[in-house]
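A short worksheet on the structure shown next.
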Amino acid sequence: MAKYAAFILKIKNNELQNLELLSQGQRFTLTNRDVIYIYRSTKKKKVYIGQTINFLSRHKQHYSGKEEKFNIAGFDEVMVLTSCLFNGSALDDVEQQLITYFVADNSGKQVVDYNQDEVINQTGGNKVNDYKGREDVAFNVILPFWEKELALRDWVKTKTLNELRTKALVKYSPIKQLTSQQSNIINEIMENETTDYVINGDAGTGKTVLLTHLVAELLTQNRQKRVAVIVQPNWIKTAESIFKTFGLNSTKLEVTTSTKFIKNNETYDTVIVDEAHKLSRKGSKQMASFNSIYKIPRFADYETHLEPLMDLSNQLVLMYDVLQTIRPANIPRVKFQELTANFEKRYLTTQFRIQAGNSKYTSDDYINGIKYLLYKDTGLLKYTNFDPNFNRDLFREKDVDVYFGYFEDRPLHNLTDWLEEDCNYYPEHVNRILAGLVEPWRQADGKDSSITHFHEDDLKRRWNSTQENWINSSDKDAAEQVGSVFAVQGIDLNKVGVLIGNDLLLDDKGRLYGEPKNFHNVNGKQNKEELALPSGRKEFTLFVLNIYYVLLTRGIDGIRIGFWHNEAFKEYFKKTFGITE
């Protein structure tokens, strides 16, 4: 039996039509029940989403003449949604999710502004606190309401929520519900306008979501405040689209890279840096354009991009993960700690991306297990949110439907078969095989689909043809290409196969180390002189470990690993988790 009820009322001359034809329960709902309502104009293609406990009274308020948007929207029908699961928190939750989904559903058609275009809410709804029964509401109300009511009646274009949820506009929506942890951090930043912050968080803990909400709060609370958002080059278009679509494309907002921002040499009230662990440092392994900022006299003596950013901001907020520094061009951990010694440090701990949880395991069990596998001998875990009491059984589970698993032989074939089978059941999934930098590659290879890099019997695969927006590549073989860390850092995928190669080996004490001879990225390792030093070799090992950490934390719905010419790591993996079979 359905846990919700929905019905449509026609509107003519601002009046609801044919109320007398409604059932007794429907009439009672309009005046005495918590409801979500969606106004629609079939001619002007506008939508308004709201909530109330007395819809008839609320309808009169909307059309009292005081709300300009209702005077001009031309709404000709309204859908009313109610549920036995509704309460105050559930209403806020459903309202926010529907607004976000409607915005994303219409984004390809025209720019959405809450006041003028497809969705015209003045705000993004109320803030949502976690509440008992949220999963029940999501599964038994929001999902069927979208797919069985809105989609079937052609009120929306996207037929399934799974398809919609993969869009960046949904994943990073600045009106998406926040955890109390995220909300508290935002409130603190807003209240301390000249205090600098480092927001630490593992992969998938909501750093980017916090970023978009913080931008929204800053621009809403003080429209004169100049805000800059520093992102990686391959995320600029996505960020601009998110802010523009949700009506945050203010002239006071700048979305740019660190290099362009520093060269502009202007001070902003608040500067927010996504993926601050990838900020550049001066050096020969750096791109010339990144090093060009040191030609500016003011910044000539600096060693990293972080120092100019500190000079050019009244408040600096850094989203940071110590385990995602992946090459010598990134700011060193020790230098970062030195420069941010006086920053306030806050930590995000809730895992959003990885859905490993069931009755026995949690997403945190998986993340802590991967950290332990890779970093247990490095001394780095004390700088992370690591819990040694994770459930190791997650890594021993043999059930075909569990989140994590591994293939001992024919890794390329088995990972390919696993991902292709999943797509037969879930065609909307975005699945990929990823690998460490263990096969030679040249930039020109990406233009020639006949050049392949991974070979196993009759199966041949090539590296990702592009690093920028690879997931949405138009290549015919895009889904078959093997992705590098540079193509997927910061990206969510549904299911992921990871080839762990022989760039990660064991020393005579049984500890993992990075092997430069088997690592095929010239700019990803130090020069020969640096690698000859113990400190250089240790730093290189951390780069390799971090690359695999990034790859192993991309999957929302599942991860499988394959051992690519690396029997040593296979035995290390099995020994670490007590796998005896």
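We name chains A, B, ... following the order of the structure tokens; residues begin at 1 in each chain, and ligands are numbered from 1 as shown.
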Strand (DSSP E) residues, from DSSP on the backbone, in range 262-310 of chain A, as a list in words: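 Here are the strand (DSSP E) residues of range 262-310 of chain A: Tyr268, Asp269, Thr270, Val271, Ile272 and Val273 of chain A.
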Using C-alpha atoms, can you write the selected residues to a file as a compact mmCIF listing (two decimals), in the first residue's frame?
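Generated output (part_9.txt):
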```
# COMPACT_ATOMS: atom_id res chain seq x y z
CA TYR A 268 38.46 39.62 -1.57
CA ASP A 269 36.48 39.47 1.64
CA THR A 270 36.31 35.66 1.69
CA VAL A 271 38.29 33.22 -0.41
CA ILE A 272 37.25 29.56 -0.38
CA VAL A 273 39.59 26.94 -1.79
```
Got a sec: who's within 10 Å of Asp34 in chain A, counting only C-alpha atoms, leaving out chain neighbours fewer than 3 positions off, as a short mmCIF file (atom, residue, chain, number, x, y, z; two decimals) with N, CA and C atoms, in the first residue's frame?
```cif
data_model
loop_
_atom_site.label_atom_id
_atom_site.label_comp_id
_atom_site.auth_asym_id
_atom_site.auth_seq_id
_atom_site.Cartn_x
_atom_site.Cartn_y
_atom_site.Cartn_z
N THR A 29 -7.66 16.90 3.83
CA THR A 29 -6.22 17.13 3.66
C THR A 29 -5.92 18.59 3.36
N LEU A 30 -6.77 19.25 2.56
CA LEU A 30 -6.52 20.62 2.14
C LEU A 30 -6.57 21.63 3.28
N THR A 31 -7.17 21.26 4.38
CA THR A 31 -7.30 22.21 5.49
C THR A 31 -6.69 21.72 6.80
N TYR A 37 3.10 21.16 -1.79
CA TYR A 37 2.30 21.51 -2.97
C TYR A 37 3.21 22.05 -4.07
N GLN A 51 5.24 24.18 1.26
CA GLN A 51 4.67 23.28 2.27
C GLN A 51 3.75 24.09 3.17
N THR A 52 2.77 23.44 3.75
CA THR A 52 1.82 24.11 4.63
C THR A 52 1.02 23.07 5.40
N ILE A 53 0.34 23.51 6.45
CA ILE A 53 -0.59 22.65 7.18
C ILE A 53 -2.03 22.96 6.81
N ASN A 54 -2.25 24.04 6.08
CA ASN A 54 -3.60 24.40 5.64
C ASN A 54 -3.48 24.95 4.22
N PHE A 55 -3.63 24.09 3.23
CA PHE A 55 -3.37 24.51 1.87
C PHE A 55 -4.37 25.54 1.37
N LEU A 81 0.64 16.87 -2.27
CA LEU A 81 1.23 15.62 -1.79
C LEU A 81 1.12 15.55 -0.28
N THR A 82 0.62 14.44 0.23
CA THR A 82 0.58 14.23 1.67
C THR A 82 1.01 12.80 1.96
N SER A 83 1.36 12.54 3.24
CA SER A 83 1.84 11.22 3.60
C SER A 83 1.66 10.98 5.08
N CYS A 84 1.44 9.71 5.44
CA CYS A 84 1.37 9.34 6.84
C CYS A 84 2.73 9.48 7.52
N LEU A 85 3.80 9.65 6.73
CA LEU A 85 5.14 9.78 7.27
C LEU A 85 5.55 11.23 7.50
N PHE A 86 4.68 12.17 7.12
CA PHE A 86 5.06 13.58 7.22
C PHE A 86 5.03 14.09 8.65
N ASN A 87 6.07 14.86 8.97
CA ASN A 87 6.12 15.70 10.17
C ASN A 87 6.91 16.93 9.78
N GLY A 88 7.21 17.81 10.73
CA GLY A 88 7.88 19.05 10.38
C GLY A 88 9.21 18.85 9.67
N ALA A 90 10.29 16.11 8.13
CA ALA A 90 10.10 15.41 6.86
C ALA A 90 9.63 16.38 5.78
N LEU A 91 8.74 17.32 6.15
CA LEU A 91 8.27 18.31 5.17
C LEU A 91 9.44 19.16 4.65
#
```
Counting only C-alpha atoms, the residue of A:Ser241, A:Asn249, A:Asn71, A:Ser363 that sits nearest Thr220 in chain A: A:Asn249
Which of range 281-379 of chain A DSSP labels alpha helix (DSSP H), written as JSON, numbers by chain: {"A": [288, 289, 290, 291, 306, 307, 308, 309, 310, 311, 333, 334, 335, 336, 337, 338, 339, 363, 364, 365, 366, 367, 368, 369, 370, 371, 372, 373, 374, 375]}
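In terms of minimum interatomic distance to Val227 in chain A, A:Val215 ranks closest within A:Leu161, A:Leu178, A:Val215, A:Val317, counting only C-alpha atoms.
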Å distance separating CA of Lys460 in chain A from CA of Lys476 in chain A, one decimal place: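 Distance reported for this atom pair: 14.8 Å.
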Please report, as JSON lines, each residue of range 177-240 of chain A lying at most 12 Å from range 322-339 of chain A, together with the nearest pair of atoms and the separation in Å rounded to one decimal; use only C-alpha atoms, and order rows by chain and ascending residue number.
```
{"residue": "A:Asp196", "atom": "CA", "partner": "A:Leu339", "partner_atom": "CA", "distance": 11.3}
{"residue": "A:Tyr197", "atom": "CA", "partner": "A:Leu339", "partner_atom": "CA", "distance": 11.8}
{"residue": "A:Val198", "atom": "CA", "partner": "A:Gln337", "partner_atom": "CA", "distance": 10.0}
{"residue": "A:Ile199", "atom": "CA", "partner": "A:Val322", "partner_atom": "CA", "distance": 11.1}
{"residue": "A:Asn200", "atom": "CA", "partner": "A:Val322", "partner_atom": "CA", "distance": 8.1}
{"residue": "A:Gly201", "atom": "CA", "partner": "A:Val322", "partner_atom": "CA", "distance": 8.6}
{"residue": "A:Asp202", "atom": "CA", "partner": "A:Leu323", "partner_atom": "CA", "distance": 7.8}
{"residue": "A:Ala203", "atom": "CA", "partner": "A:Gln324", "partner_atom": "CA", "distance": 8.2}
{"residue": "A:Gly204", "atom": "CA", "partner": "A:Gln324", "partner_atom": "CA", "distance": 11.8}
```
All residues 6 Å or closer to range 401-406 of chain A, only C-alpha atoms, same chain fewer than 6 positions away omitted, as a VMD selection string: chain A and resid 356 558 to 562
Distance of CA of Asp458 in chain A from CA of Phe569 in chain A, expressed in Å to one decimal place: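 A separation of 24.8 Å between them.
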Selected residue of minimal separation from Gln61 in chain A among A:Asp105, A:Glu428, A:Glu15, A:Glu149, counting only C-alpha atoms: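 Smallest distance to Gln61 in chain A is found for A:Glu15.
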d(CA of Trp146 in chain A, CA of Gln24 in chain A) in Å: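 A separation of 25.0 Å between them.
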From A:Gln355, A:Thr452, A:Ser292, A:Asn566, residue lying nearest Asp492 in chain A [only C-alpha atoms]: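 Under the stated criterion, the closest residue is A:Gln355.
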Close residues, range 444-451 of chain A itself excluded, 10 Å, only C-alpha atoms, min 3 positions apart in chain, as a ChimeraX atom specification: /A:441,454,460-467,475-477,481
Among listed residues A:Thr259, A:Asn314, A:Thr195, A:Thr553, nearest Val488 in chain A (using only C-alpha atoms):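 Checking each of A:Thr259, A:Asn314, A:Thr195, A:Thr553 against Val488 in chain A, counting only C-alpha atoms, the winner is A:Thr553.
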